[in-house]
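**Q** Pasting protein.txt here (compact mmCIF, C-alpha atoms (C1' of nucleotides)):
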```txt
# COMPACT_ATOMS: atom_id res chain seq x y z
CA MET A 1 -60.64 -197.90 -113.15
CA ARG A 2 -58.28 -195.37 -114.68
CA TYR A 3 -54.74 -195.11 -115.95
CA TRP A 4 -52.19 -192.47 -114.94
CA LEU A 5 -48.69 -191.22 -115.43
CA MET A 6 -46.84 -190.10 -112.31
CA LYS A 7 -43.57 -188.20 -112.41
CA SER A 8 -40.81 -188.74 -109.93
CA GLU A 9 -37.33 -187.34 -109.89
CA PRO A 10 -35.06 -190.38 -109.67
CA ASP A 11 -32.68 -188.38 -107.46
CA ASP A 12 -35.58 -188.33 -105.00
CA VAL A 13 -37.33 -191.68 -105.58
CA SER A 14 -36.28 -193.84 -108.55
CA ILE A 15 -37.86 -197.07 -109.74
CA ASP A 16 -35.01 -198.95 -108.05
CA ASP A 17 -35.61 -197.05 -104.82
CA LEU A 18 -39.24 -198.15 -104.98
CA ALA A 19 -38.18 -201.75 -105.64
CA ALA A 20 -36.05 -201.59 -102.49
CA MET A 21 -38.83 -200.22 -100.26
CA PRO A 22 -40.53 -202.45 -97.70
CA LYS A 23 -43.53 -203.97 -99.48
CA GLN A 24 -42.31 -202.08 -102.59
CA THR A 25 -44.75 -199.37 -101.60
CA VAL A 26 -44.23 -195.63 -101.25
CA ALA A 27 -46.29 -192.57 -100.37
CA TRP A 28 -46.49 -190.18 -103.31
CA TYR A 29 -45.65 -187.18 -101.16
CA GLY A 30 -44.67 -183.70 -102.29
CA VAL A 31 -47.40 -182.91 -104.82
CA ARG A 32 -47.97 -179.15 -104.50
CA ASN A 33 -50.18 -178.49 -107.45
CA TYR A 34 -53.93 -178.31 -107.10
CA GLN A 35 -54.79 -180.04 -110.34
CA ALA A 36 -52.55 -183.00 -109.53
CA ARG A 37 -53.90 -183.08 -105.98
CA ASN A 38 -57.45 -183.13 -107.26
CA PHE A 39 -56.70 -186.07 -109.50
CA MET A 40 -55.52 -188.00 -106.44
CA ARG A 41 -58.42 -186.84 -104.31
CA ASP A 42 -61.29 -187.13 -106.77
CA GLN A 43 -60.41 -189.69 -109.39
CA MET A 44 -57.74 -192.10 -108.26
CA GLU A 45 -58.92 -195.40 -106.92
CA VAL A 46 -57.13 -198.27 -105.29
CA GLY A 47 -56.28 -200.65 -108.11
CA ASP A 48 -55.68 -197.98 -110.75
CA GLN A 49 -52.46 -198.47 -112.68
CA ALA A 50 -49.87 -195.82 -113.48
CA PHE A 51 -46.66 -195.39 -115.39
CA PHE A 52 -43.77 -194.51 -113.10
CA TYR A 53 -41.99 -191.76 -115.00
CA HIS A 54 -38.49 -190.43 -114.35
CA SER A 55 -38.36 -186.65 -114.79
CA SER A 56 -35.76 -183.90 -114.39
CA CYS A 57 -32.92 -186.27 -115.08
CA ALA A 58 -30.49 -187.36 -117.79
CA LYS A 59 -32.83 -189.98 -119.27
CA PRO A 60 -36.45 -188.96 -118.77
CA GLY A 61 -39.03 -191.62 -119.57
CA ILE A 62 -41.25 -194.43 -118.33
CA ALA A 63 -39.35 -196.74 -115.99
CA GLY A 64 -42.04 -198.99 -114.56
CA ILE A 65 -45.64 -199.72 -113.75
CA VAL A 66 -47.22 -199.17 -110.36
CA ARG A 67 -50.65 -199.68 -108.85
CA ILE A 68 -52.48 -197.35 -106.47
CA SER A 69 -52.44 -199.23 -103.19
CA LYS A 70 -53.95 -196.63 -100.84
CA ALA A 71 -56.41 -193.80 -101.40
CA ALA A 72 -55.49 -190.16 -100.80
CA TYR A 73 -54.82 -188.96 -97.24
CA PRO A 74 -52.99 -185.91 -95.84
CA ASP A 75 -49.35 -185.64 -96.89
CA VAL A 76 -47.29 -185.52 -93.69
CA THR A 77 -44.45 -183.54 -95.26
CA GLN A 78 -46.62 -180.40 -95.40
CA PHE A 79 -46.47 -180.18 -91.59
CA ASP A 80 -42.72 -180.74 -91.25
CA PRO A 81 -40.79 -177.44 -91.09
CA LYS A 82 -37.62 -179.28 -92.05
CA SER A 83 -39.10 -180.72 -95.20
CA PRO A 84 -38.66 -178.99 -98.55
CA TYR A 85 -42.38 -179.66 -98.98
CA TYR A 86 -43.34 -177.81 -95.81
CA ASP A 87 -46.38 -175.56 -96.23
CA PRO A 88 -46.81 -173.12 -93.34
CA LYS A 89 -50.30 -172.21 -94.54
CA SER A 90 -51.60 -175.73 -94.17
CA THR A 91 -53.13 -176.91 -90.90
CA SER A 92 -53.88 -180.37 -89.60
CA GLU A 93 -57.54 -179.33 -89.21
CA ASP A 94 -57.69 -178.41 -92.87
CA PRO A 95 -54.83 -180.09 -94.70
CA ARG A 96 -54.16 -178.66 -98.10
CA TRP A 97 -52.08 -181.48 -99.60
CA LEU A 98 -52.73 -185.17 -100.00
CA ASN A 99 -50.94 -188.21 -101.23
CA VAL A 100 -51.87 -191.68 -102.37
CA GLU A 101 -49.60 -194.68 -101.99
CA VAL A 102 -48.35 -196.75 -104.88
CA LYS A 103 -46.99 -200.27 -105.07
CA LEU A 104 -44.54 -201.48 -107.66
CA GLU A 105 -46.08 -203.80 -110.19
CA ARG A 106 -43.05 -204.18 -112.37
CA LYS A 107 -39.96 -202.42 -113.47
CA THR A 108 -39.82 -202.06 -117.26
CA ARG A 109 -37.17 -201.13 -119.74
CA LEU A 110 -36.70 -197.38 -119.89
CA VAL A 111 -39.06 -196.07 -122.56
CA SER A 112 -37.55 -192.67 -123.14
CA LEU A 113 -39.37 -189.43 -123.75
CA THR A 114 -37.77 -189.17 -127.18
CA GLU A 115 -38.99 -192.66 -128.05
CA LEU A 116 -42.52 -191.83 -126.89
CA ARG A 117 -42.47 -188.79 -129.17
CA THR A 118 -41.75 -190.88 -132.26
CA HIS A 119 -45.11 -192.70 -132.11
CA PRO A 120 -48.11 -191.02 -133.76
CA GLU A 121 -50.36 -193.20 -131.58
CA LEU A 122 -49.18 -191.18 -128.59
CA GLU A 123 -49.45 -187.71 -130.10
CA GLN A 124 -52.24 -186.70 -127.74
CA MET A 125 -50.61 -188.03 -124.57
CA ARG A 126 -50.73 -185.34 -121.89
CA VAL A 127 -47.13 -185.74 -120.84
CA LEU A 128 -45.97 -185.09 -124.40
CA GLN A 129 -47.89 -181.86 -124.84
CA LYS A 130 -45.94 -178.64 -125.05
CA GLY A 131 -45.53 -176.89 -121.74
CA ASN A 132 -46.90 -179.79 -119.77
CA ARG A 133 -45.77 -179.56 -116.16
CA LEU A 134 -48.35 -181.59 -114.33
CA SER A 135 -46.74 -184.28 -112.20
CA ILE A 136 -49.81 -186.51 -112.44
CA THR A 137 -51.68 -186.89 -115.71
CA PRO A 138 -54.46 -189.21 -116.88
CA VAL A 139 -53.50 -191.72 -119.56
CA ASP A 140 -56.01 -192.73 -122.20
CA PRO A 141 -56.71 -196.50 -122.23
CA ALA A 142 -55.66 -196.71 -125.90
CA GLU A 143 -52.37 -194.99 -125.02
CA TRP A 144 -51.90 -197.33 -122.09
CA ASP A 145 -52.45 -200.37 -124.28
CA PHE A 146 -50.08 -199.12 -126.94
CA VAL A 147 -47.28 -198.42 -124.48
CA THR A 148 -47.69 -201.61 -122.49
CA ARG A 149 -48.25 -203.98 -125.42
CA THR A 150 -46.20 -202.48 -128.18
CA LEU A 151 -43.37 -200.66 -126.42
CA ILE A 152 -42.91 -202.54 -123.19
CA GLY A 153 -44.16 -206.01 -124.08
CA ALA A 154 -44.81 -209.02 -121.90
CA PRO A 155 -43.13 -209.16 -118.49
C1' DG B 1 -61.41 -159.66 -110.82
C1' DC B 2 -57.29 -158.14 -113.31
C1' DC B 3 -52.66 -158.71 -114.26
C1' DA B 4 -47.63 -157.94 -113.47
C1' DA B 5 -44.13 -160.03 -110.97
C1' DC B 6 -42.26 -163.88 -109.35
C1' DG B 7 -41.26 -168.86 -108.62
C1' DT B 8 -41.17 -173.56 -110.38
C1' DT B 9 -40.93 -177.28 -113.70
C1' DG B 10 -38.41 -179.91 -116.66
C1' DG B 11 -36.25 -180.81 -121.19
C1' DC B 12 -32.21 -179.72 -123.42
C1' DG C 1 -27.13 -173.23 -116.83
C1' DC C 2 -30.71 -171.69 -120.00
C1' DC C 3 -35.23 -170.62 -120.87
C1' DA C 4 -40.19 -171.47 -122.33
C1' DA C 5 -44.31 -172.44 -120.23
C1' DC C 6 -47.16 -172.31 -116.64
C1' DG C 7 -49.07 -171.60 -111.73
C1' DT C 8 -49.39 -168.62 -107.76
C1' DT C 9 -49.29 -164.34 -105.30
C1' DG C 10 -50.64 -159.95 -104.07
C1' DG C 11 -51.48 -155.01 -105.04
C1' DC C 12 -54.96 -152.36 -106.88
```
Represent the structure of the file as structure tokens.

**A**
Amino acid sequence: MRYWLMKSEPDDVSIDDLAAMPKQTVAWYGVRNYQARNFMRDQMEVGDQAFFYHSSCAKPGIAGIVRISKAAYPDVTQFDPKSPYYDPKSTSEDPRWLNVEVKLERKTRLVSLTELRTHPELEQMRVLQKGNRLSITPVDPAEWDFVTRTLIGAP
DNA sequence: GCCAACGTTGGC
DNA sequence: GCCAACGTTGGC
């Protein structure tokens, strides 16, 4: 069982959008980076928990907690010429891109990026490292505990 | 296999 | 909109 941080642009899918989805579940489509894909393919398991992180927006930060509800399978948007995530080099026989599905566990207060940066306990967190661009990053259990217990608190 | 050019990410 | 950092592409 592992912990993760998954970035989403709230203009695309926000924590409130997820809360409004049927079954509060959404396919994590659109990942077009091999390292992030490999995390989903090789390491993510149903039941893993992840921070739902708002990126590329006015208030970047952790907005909720989700759980992996379905293991990786081919991302349908790669085959759709109308999708911004279309990949003409990918074929259904040998799909290049995958997605898992996640289910909302709970919405949290917005723990901003600037707040995360103030805590020495989180210095090593992948998402805080300079130049980090990965949309899916592993979260150390100690970091997970610190954020959930100390910063977010009980539901 | 190298590496320059180019495209993307994402905070500010 | 800017720009640093990084990934990908493609010529050689």

**Q** Residues of chain A no more than 12 Å from chain C, counting all atoms listed in the file: send them over as a compact mmCIF listing (two decimals) with C-alpha atoms, in the frame of the given file.

**A**
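Just written: selection.txt:
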```
# COMPACT_ATOMS: atom_id res chain seq x y z
CA ARG A 32 -47.97 -179.15 -104.50
CA ASN A 33 -50.18 -178.49 -107.45
CA TYR A 34 -53.93 -178.31 -107.10
CA GLN A 35 -54.79 -180.04 -110.34
CA GLN A 129 -47.89 -181.86 -124.84
CA LYS A 130 -45.94 -178.64 -125.05
CA GLY A 131 -45.53 -176.89 -121.74
CA ASN A 132 -46.90 -179.79 -119.77
CA ARG A 133 -45.77 -179.56 -116.16
CA LEU A 134 -48.35 -181.59 -114.33
```

**Q** So which residues touch range 61-73 of chain A within 7 Å, counting all atoms listed in the file, skipping near sequence neighbours fewer than 6 positions away, as a ChimeraX atom specification?

**A** /A:15,40-41,45-55,98-113

**Q** What is the distance between CA of Lys7 in chain A and CA of Thr91 in chain A, in Å to one decimal?

**A**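 That distance, rounded to one decimal, is 26.1 Å.
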
**Q** Show me, as a VMD selection string, the residues that have an atom within 10 Å of Arg117 in chain A when counting only C-alpha atoms (C1' of nucleotides), minus same-chain residues fewer than 6 positions from it.

**A** chain A and resid 123 125 128 to 129

**Q** List as a PyMOL selection string the protein and nucleic acid residues near Arg126 in chain A, meaning an atom at most 8 Å away when only C-alpha atoms (C1' of nucleotides) are counted, but skip any in the same chain fewer than 6 places from it.

**A** chain A and resi 132+137-139
